[in-house]
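Colleague: Data: target_39.csv, CSV, C-alpha atoms.
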```csv
chain,number,residue,atom,x,y,z
A,1,MET,CA,111.0,24.8,117.2
A,2,ALA,CA,111.0,23.9,120.9
A,3,GLY,CA,108.3,21.5,121.9
A,4,HIS,CA,107.6,20.2,118.4
A,5,SER,CA,108.4,16.6,117.3
A,6,VAL,CA,108.1,17.2,113.5
A,7,VAL,CA,108.9,20.1,111.2
A,8,CYS,CA,107.7,20.0,107.5
A,9,ARG,CA,109.5,22.2,105.1
A,10,LEU,CA,106.9,22.8,102.4
A,11,ALA,CA,107.2,26.5,101.7
A,12,ALA,CA,109.1,27.4,98.5
A,13,GLN,CA,109.2,29.3,95.3
A,14,PRO,CA,107.8,26.4,93.2
A,15,ASP,CA,107.5,27.9,89.7
A,16,THR,CA,110.1,26.8,87.2
A,17,PRO,CA,109.4,29.5,84.6
A,18,MET,CA,109.6,32.2,87.4
A,19,ALA,CA,112.9,30.8,88.4
A,20,PHE,CA,114.2,31.5,84.9
A,21,GLU,CA,113.1,35.1,85.3
A,22,SER,CA,114.1,35.5,88.9
A,23,PRO,CA,116.9,33.0,89.7
A,24,ARG,CA,118.3,35.0,92.6
A,25,TYR,CA,115.0,35.3,94.4
A,26,THR,CA,114.4,31.5,93.8
A,27,VAL,CA,117.7,30.6,95.3
A,28,MET,CA,117.1,32.9,98.3
A,29,GLN,CA,113.7,31.4,99.0
A,30,ASN,CA,114.5,27.7,98.4
A,31,ILE,CA,118.0,27.4,99.7
A,32,GLY,CA,118.2,30.3,102.2
A,33,GLY,CA,114.8,29.4,103.7
A,34,THR,CA,115.8,25.7,104.1
A,35,VAL,CA,119.0,26.7,105.9
A,36,GLU,CA,117.0,28.9,108.2
A,37,ILE,CA,114.8,26.0,109.1
A,38,LEU,CA,117.8,23.7,109.7
A,39,GLU,CA,119.5,26.3,111.9
A,40,ALA,CA,116.4,26.8,113.9
A,41,VAL,CA,116.1,23.1,114.4
A,42,ARG,CA,119.8,22.8,115.3
A,43,HIS,CA,119.5,25.4,118.0
A,44,SER,CA,116.2,24.2,119.4
A,45,GLY,CA,117.7,21.6,121.6
A,46,GLY,CA,115.0,19.1,120.8
A,47,PHE,CA,116.0,18.1,117.3
A,48,PRO,CA,112.6,17.4,115.9
A,49,LYS,CA,112.3,15.3,112.8
A,50,VAL,CA,112.6,17.5,109.6
A,51,LEU,CA,110.7,16.5,106.4
A,52,PHE,CA,111.7,18.3,103.2
A,53,ALA,CA,109.6,18.5,100.0
A,54,ALA,CA,112.0,17.8,97.2
A,55,SER,CA,111.3,17.9,93.5
A,56,GLY,CA,111.7,15.8,90.4
A,57,ASN,CA,113.3,18.9,88.8
A,58,GLU,CA,116.4,18.1,90.8
A,59,VAL,CA,117.1,15.6,88.0
A,60,GLY,CA,117.0,17.4,84.7
A,61,ARG,CA,117.5,14.5,82.4
A,62,SER,CA,117.7,11.1,84.0
A,63,LEU,CA,120.8,9.0,83.6
A,64,TYR,CA,118.7,5.8,83.8
A,65,LEU,CA,115.1,4.7,84.1
A,66,PRO,CA,113.3,4.0,86.2
A,67,MET,CA,114.8,6.6,88.5
A,68,ASP,CA,115.3,5.6,92.1
A,69,GLU,CA,116.3,7.5,95.3
A,70,ASP,CA,120.0,7.0,94.6
A,71,HIS,CA,119.9,8.9,91.2
A,72,PRO,CA,122.5,11.7,91.2
A,73,LEU,CA,121.1,15.2,91.4
A,74,THR,CA,121.6,16.7,87.9
A,75,PRO,CA,119.5,19.9,87.7
A,76,HIS,CA,119.2,21.7,84.4
A,77,ASN,CA,117.5,24.9,85.4
A,78,PRO,CA,117.6,27.5,88.3
A,79,TYR,CA,114.6,26.0,90.1
A,80,GLY,CA,116.0,22.5,89.9
A,81,PHE,CA,119.3,23.8,91.2
A,82,SER,CA,117.7,25.5,94.1
A,83,LYS,CA,115.8,22.4,95.2
A,84,ALA,CA,118.9,20.2,94.7
A,85,ALA,CA,121.1,22.5,96.8
A,86,ALA,CA,118.4,22.6,99.5
A,87,GLU,CA,118.3,18.8,99.6
A,88,LEU,CA,122.1,18.7,99.9
A,89,ALA,CA,121.8,21.1,102.8
A,90,MET,CA,119.4,18.7,104.5
A,91,TRP,CA,122.0,15.9,104.3
A,92,ALA,CA,124.9,18.2,105.2
A,93,TRP,CA,123.2,19.3,108.4
A,94,ARG,CA,122.4,15.7,109.2
A,95,ARG,CA,126.0,14.7,108.9
A,96,ALA,CA,127.5,17.8,110.6
A,97,TYR,CA,124.9,18.4,113.4
A,98,GLY,CA,122.8,15.2,113.5
A,99,VAL,CA,119.6,16.9,112.4
A,100,PRO,CA,117.1,14.1,111.7
A,101,SER,CA,116.4,14.8,108.0
A,102,VAL,CA,113.9,13.0,105.8
A,103,VAL,CA,113.4,13.9,102.0
A,104,LEU,CA,110.2,13.2,100.1
A,105,SER,CA,110.4,13.9,96.3
A,106,THR,CA,107.5,14.3,94.0
A,107,GLY,CA,107.0,15.0,90.3
A,108,VAL,CA,103.8,16.3,88.8
A,109,VAL,CA,101.1,16.6,91.5
A,110,VAL,CA,97.5,17.2,90.4
A,111,GLY,CA,94.2,17.4,92.2
A,112,PRO,CA,91.9,20.0,93.9
A,113,GLY,CA,93.8,23.2,94.6
A,114,MET,CA,96.6,22.3,92.2
A,115,ARG,CA,99.0,25.1,91.2
A,116,ARG,CA,98.1,27.1,88.1
A,117,GLU,CA,101.6,26.7,86.8
A,118,VAL,CA,101.2,22.9,86.3
A,119,PHE,CA,100.9,22.2,82.6
A,120,ILE,CA,97.8,20.1,83.0
A,121,PHE,CA,96.0,22.9,84.8
A,122,LYS,CA,96.9,25.3,82.0
A,123,TRP,CA,95.6,22.9,79.3
A,124,LEU,CA,92.3,22.4,81.1
A,125,TRP,CA,91.9,26.1,82.1
A,126,ASN,CA,92.7,27.4,78.6
A,127,ALA,CA,90.5,24.9,76.8
A,128,LEU,CA,87.5,25.7,79.1
A,129,HIS,CA,88.1,29.4,78.4
A,130,GLY,CA,88.6,29.0,74.7
A,131,LEU,CA,92.3,29.9,74.8
A,132,PRO,CA,95.2,28.4,72.9
A,133,ILE,CA,97.0,25.4,74.4
A,134,VAL,CA,100.8,25.0,74.2
A,135,VAL,CA,102.0,21.4,74.5
A,136,GLU,CA,105.7,20.9,75.4
A,137,GLY,CA,107.5,17.6,75.8
A,138,GLY,CA,106.1,15.3,73.2
A,139,ARG,CA,107.2,11.8,74.0
A,140,GLN,CA,108.9,12.8,77.3
A,141,THR,CA,107.3,10.9,80.1
A,142,ARG,CA,106.1,12.2,83.5
A,143,ASP,CA,104.9,10.5,86.6
A,144,VAL,CA,101.6,12.2,87.4
A,145,THR,CA,100.5,11.8,91.1
A,146,PHE,CA,97.2,12.5,92.7
A,147,ILE,CA,97.3,14.9,95.7
A,148,ASP,CA,95.6,12.3,98.0
A,149,ASP,CA,98.5,9.9,97.5
A,150,VAL,CA,101.1,12.5,98.2
A,151,VAL,CA,99.3,13.6,101.4
A,152,ASP,CA,99.1,9.9,102.5
A,153,ALA,CA,102.8,9.5,102.0
A,154,TRP,CA,103.6,12.6,104.1
A,155,VAL,CA,101.2,11.5,106.9
A,156,ARG,CA,103.0,8.1,107.0
A,157,ALA,CA,106.4,9.7,107.1
A,158,ILE,CA,105.3,12.1,109.9
A,159,HIS,CA,104.0,9.3,112.1
A,160,ALA,CA,106.7,6.7,111.2
A,161,PRO,CA,109.3,6.0,113.9
A,162,ALA,CA,112.4,8.0,113.4
A,163,GLN,CA,114.6,5.0,113.0
A,164,GLU,CA,112.5,3.9,110.0
A,165,VAL,CA,112.7,7.1,107.9
A,166,VAL,CA,115.4,9.5,109.2
A,167,GLY,CA,118.4,9.7,106.8
A,168,GLN,CA,116.3,8.4,103.9
A,169,LYS,CA,114.9,9.8,100.7
A,170,PHE,CA,111.6,8.6,99.3
A,171,TYR,CA,110.2,9.2,95.8
A,172,VAL,CA,106.4,9.7,96.0
A,173,GLY,CA,104.6,8.9,92.8
A,174,ARG,CA,102.2,6.8,91.0
A,175,GLY,CA,105.0,4.7,89.6
A,176,GLU,CA,103.8,4.9,86.0
A,177,GLU,CA,105.3,6.8,83.1
A,178,ILE,CA,102.9,8.7,80.9
A,179,ALA,CA,104.1,10.4,77.8
A,180,VAL,CA,103.2,14.1,77.7
A,181,GLU,CA,101.7,13.7,74.2
A,182,ASP,CA,99.5,10.8,75.4
A,183,LEU,CA,98.4,12.8,78.4
A,184,PHE,CA,97.4,15.7,76.2
A,185,HIS,CA,95.4,13.5,73.9
A,186,HIS,CA,93.7,11.9,76.9
A,187,THR,CA,92.9,15.5,78.1
A,188,LEU,CA,91.6,16.4,74.7
A,189,ALA,CA,89.3,13.4,74.7
A,190,VAL,CA,88.0,14.1,78.2
A,191,LEU,CA,87.4,17.8,77.4
A,192,HIS,CA,85.1,16.9,74.5
A,193,ASP,CA,83.1,14.4,76.4
A,194,PRO,CA,79.7,16.0,77.0
A,195,ALA,CA,79.4,14.5,80.5
A,196,TYR,CA,82.7,16.1,81.4
A,197,ARG,CA,81.7,19.4,80.1
A,198,ALA,CA,78.5,19.3,82.0
A,199,ALA,CA,80.2,18.2,85.2
A,200,ASN,CA,82.8,20.9,85.0
A,201,ALA,CA,80.6,23.8,83.9
A,202,GLY,CA,81.4,25.4,87.3
A,203,ALA,CA,85.1,25.2,86.7
A,204,LEU,CA,85.0,28.7,85.2
A,205,ARG,CA,83.9,29.9,88.7
A,206,MET,CA,85.5,27.3,90.9
A,207,GLU,CA,89.0,27.5,89.3
A,208,TRP,CA,89.3,23.7,89.5
A,209,PRO,CA,88.9,21.9,86.2
A,210,ARG,CA,89.2,18.2,86.8
A,211,ILE,CA,90.8,15.5,84.6
A,212,PRO,CA,90.0,11.9,85.6
A,213,LEU,CA,92.8,9.4,85.0
A,214,PRO,CA,92.2,5.7,84.9
A,215,GLY,CA,92.6,4.1,88.3
A,216,TRP,CA,92.1,7.4,90.2
A,217,PRO,CA,89.2,8.4,92.3
A,218,ASP,CA,87.1,9.3,89.3
A,219,GLY,CA,88.5,6.5,87.2
A,220,ASP,CA,87.6,2.8,86.9
A,221,SER,CA,90.2,0.3,86.1
A,222,ASP,CA,91.4,-3.2,86.8
A,223,GLY,CA,94.8,-2.6,88.4
A,224,ASP,CA,97.8,-1.0,86.7
A,225,ALA,CA,97.5,-2.9,83.5
A,226,GLY,CA,93.9,-1.9,83.1
A,227,ALA,CA,94.7,1.7,83.9
A,228,ALA,CA,97.4,1.7,81.2
A,229,ALA,CA,95.0,0.2,78.7
A,230,GLU,CA,92.3,2.7,79.5
A,231,LEU,CA,94.7,5.6,79.2
A,232,ALA,CA,96.0,4.3,75.8
A,233,ALA,CA,92.5,4.0,74.5
A,234,SER,CA,91.6,7.4,75.7
A,235,ALA,CA,94.7,8.9,74.1
A,236,ALA,CA,93.8,7.2,70.8
A,237,ARG,CA,90.4,8.8,71.0
A,238,GLY,CA,92.1,12.1,71.6
A,239,ARG,CA,94.3,11.7,68.5
A,240,ALA,CA,91.2,11.0,66.5
A,241,LEU,CA,89.7,14.2,67.9
A,242,ALA,CA,92.8,16.0,66.9
A,243,ALA,CA,92.4,14.7,63.4
A,244,LEU,CA,89.0,16.3,63.3
A,245,LEU,CA,90.7,19.6,64.0
A,246,ASP,CA,93.1,19.1,61.1
A,247,PRO,CA,91.2,18.9,57.8
A,248,GLU,CA,94.5,18.6,55.8
A,249,THR,CA,95.0,15.1,57.2
A,250,PRO,CA,92.2,12.8,56.2
A,251,VAL,CA,91.7,9.8,58.5
A,252,PRO,CA,89.2,7.0,57.6
A,253,GLY,CA,86.4,6.8,60.1
A,254,VAL,CA,87.3,10.1,61.6
A,255,THR,CA,87.4,12.8,58.9
A,256,THR,CA,86.1,10.7,56.0
A,257,GLY,CA,83.4,8.2,55.6
A,258,THR,CA,81.3,7.0,58.5
A,259,LEU,CA,82.5,8.3,61.9
A,260,ARG,CA,83.7,5.5,64.1
A,261,PRO,CA,81.0,4.6,66.7
A,262,GLU,CA,83.2,5.1,69.7
A,263,LEU,CA,83.8,8.7,68.7
A,264,ALA,CA,80.1,9.6,68.2
A,265,ALA,CA,79.4,10.3,71.8
A,266,ILE,CA,82.4,12.6,72.0
A,267,ALA,CA,82.7,14.3,68.7
A,268,VAL,CA,79.1,14.4,67.2
A,269,LEU,CA,77.1,16.9,69.2
A,270,SER,CA,74.2,19.1,68.1
A,271,THR,CA,73.6,22.8,68.7
A,272,ALA,CA,70.5,24.1,70.2
A,273,ASP,CA,69.0,24.6,66.7
A,274,GLY,CA,69.8,21.0,65.8
A,275,ARG,CA,72.9,21.6,63.6
A,276,ASN,CA,75.6,19.0,63.9
A,277,MET,CA,78.8,20.4,65.2
A,278,THR,CA,81.9,20.3,63.0
A,279,GLY,CA,85.6,20.5,63.6
A,280,ASP,CA,85.3,24.3,63.8
A,281,ASP,CA,83.1,23.9,66.9
A,282,PHE,CA,85.9,21.9,68.6
A,283,ALA,CA,88.7,24.3,67.7
A,284,VAL,CA,91.7,23.6,70.0
A,285,THR,CA,94.9,25.2,68.7
A,286,ALA,CA,98.5,24.9,69.8
A,287,GLY,CA,101.5,27.0,69.0
A,288,TRP,CA,105.2,27.1,69.6
A,289,GLY,CA,106.1,28.9,72.8
A,290,HIS,CA,107.0,28.6,76.4
A,291,SER,CA,105.4,29.2,79.7
A,292,CYS,CA,106.3,32.1,82.0
A,293,ALA,CA,105.1,33.6,85.2
A,294,SER,CA,102.7,35.9,83.3
A,295,GLY,CA,101.2,33.1,81.2
A,296,ILE,CA,102.0,31.6,77.9
A,297,MET,CA,104.2,33.4,75.4
A,298,VAL,CA,103.8,32.3,71.8
A,299,PHE,CA,106.6,32.8,69.3
A,300,GLU,CA,105.4,34.1,65.9
A,301,THR,CA,108.2,33.7,63.5
A,302,GLU,CA,108.6,32.2,60.0
A,303,ASN,CA,110.9,29.5,61.4
A,304,GLN,CA,108.4,28.5,64.1
A,305,PRO,CA,105.0,28.3,62.4
A,306,GLU,CA,101.8,27.7,64.2
A,307,THR,CA,101.2,24.0,64.8
A,308,ARG,CA,98.0,21.9,65.3
A,309,SER,CA,97.0,20.5,68.6
A,310,THR,CA,99.0,17.2,68.2
A,311,GLN,CA,102.4,18.9,68.5
```
Would you kindly transcribe this structure into C-alpha cells?
Modeller:
Amino acid sequence: MAGHSVVCRLAAQPDTPMAFESPRYTVMQNIGGTVEILEAVRHSGGFPKVLFAASGNEVGRSLYLPMDEDHPLTPHNPYGFSKAAAELAMWAWRRAYGVPSVVLSTGVVVGPGMRREVFIFKWLWNALHGLPIVVEGGRQTRDVTFIDDVVDAWVRAIHAPAQEVVGQKFYVGRGEEIAVEDLFHHTLAVLHDPAYRAANAGALRMEWPRIPLPGWPDGDSDGDAGAAAELAASAARGRALAALLDPETPVPGVTTGTLRPELAAIAVLSTADGRNMTGDDFAVTAGWGHSCASGIMVFETENQPETRSTQ
C-alpha cells in the first residue's frame, strides 16, 4: 500500500445465489478480504483513502422509502450479511485506527460486461437463446443503474478531496424505482422489436445483449418525467405482447379484433415465405423457480404450476 493515495476495494464474491450454496466461502471472501485490505492500509504508514463497494443487498427489506445513506443495515441473506459486515469493518477501522474510509453502495448495475448473474442479463440471454425466463419479484421495485454512471461516481470519489468524502457513505443509483414486473414487460417489448433483434444478432457471439432504457445512452427522453412515461408505455406494450402468448385471456385489440396499430411493428412479422407470425412464434415462457450458481432451477410440482410470462 505504500506510495498509493487511493485503494479501491472492488473484489468480492458478488453472487447472491452462490452465497446461499456457499455461505462460508462468501463470508471469507467478502469480510476476510476487506479486513485484509484494512490491515494492510493500517500498517502502510501512509493511510491512503479506502473506497469500498457496498451493495443494496445490505438492506433486505427497506424500513422506509426512499432509502438514504442512514438506513440501518438489515440483510436477509448470506451475501447481504457479508457485505454489511464488511461495511461495518470499514467504519470500525476508521474509528479505531483512523483509516480514511469511503463507502459507495449500488443496486442493480447493467451495461457492457454486466455479470451473468444479474436477472436482466438472464432474461435477455435466455430469450435470445430460446430458453425459459423466470421472473421473480413482481411489484418489488429496483433502482437499475447504467455502468457509466457508476464509474463516474467512483472517479469523482477517487479525485475528491479527502475532507469531502472520507467518513461518508454514498448511494449510487439512477434515483428512480422500477417495478420488476414493469421492467420485464419493457424487456419483452424490446426483445420483439425487429430493430432490436437485428441490432443484437451478434449477442449470441458477443455475450452482451443490450436493453435500452428511456433516458439512457440508447434512449431518448425529456427528463425524468419523460423517461418514466416512456418506460410505462413500453411496459404496456410488453403486457400486450404477453397477452399474445396467452390465448386463454382474450384482449380486445391484441388477441381479438384488429390489432392495435402501435403493436403492429412489434408483434406482426412475416416469415421468409410470407406467413404472418402468430403467438407461437413469439413463445416466451416462465415458470416457478429460483436462480442458483449453475443456472435456473424450475420447480415442477402440482402446487407450483407453470405460469405464463406475466408472472
Colleague: Which one is closest to Gly167 of chain A: A:Met90, A:Ile31, A:Val59, A:Leu38? Count all atoms listed in the file.
Modeller: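 Closest candidate: A:Met90.
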Colleague: To one decimal in Å, tell me the separation between atom CA of Arg156 of chain A and atom CA of Thr26 of chain A.
Modeller: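 The value is 29.2 Å.
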Colleague: Please list as a PyMOL selection string every residue within 10 Å of segment 7-10 of chain A, counting all atoms listed in the file and excluding residues in the same chain fewer than 5 positions away.
Modeller: chain A and resi 1+30+33-34+37-38+41+47-54+101-103+154+158
Colleague: Name all residues at most 6 Å from Ser55 of chain A (count only C-alpha atoms; drop same-chain ones fewer than 3 positions away) and give them as an MDAnalysis selection string.
Modeller: chainID A and resid 58 105:106
Colleague: Give me the residues within 7 Å of Glu181 of chain A as a list in words, counting all atoms listed in the file and dropping any in the same chain fewer than 4 places off.
Modeller: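 Using all atoms listed in the file, the neighbours found are Gly138, Arg139 and His185 of chain A.
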Colleague: Which of these residues is nearest to Gly98 of chain A, using only C-alpha atoms: A:Val27, A:Leu191, A:Val166, A:Val135?
Modeller: A:Val166
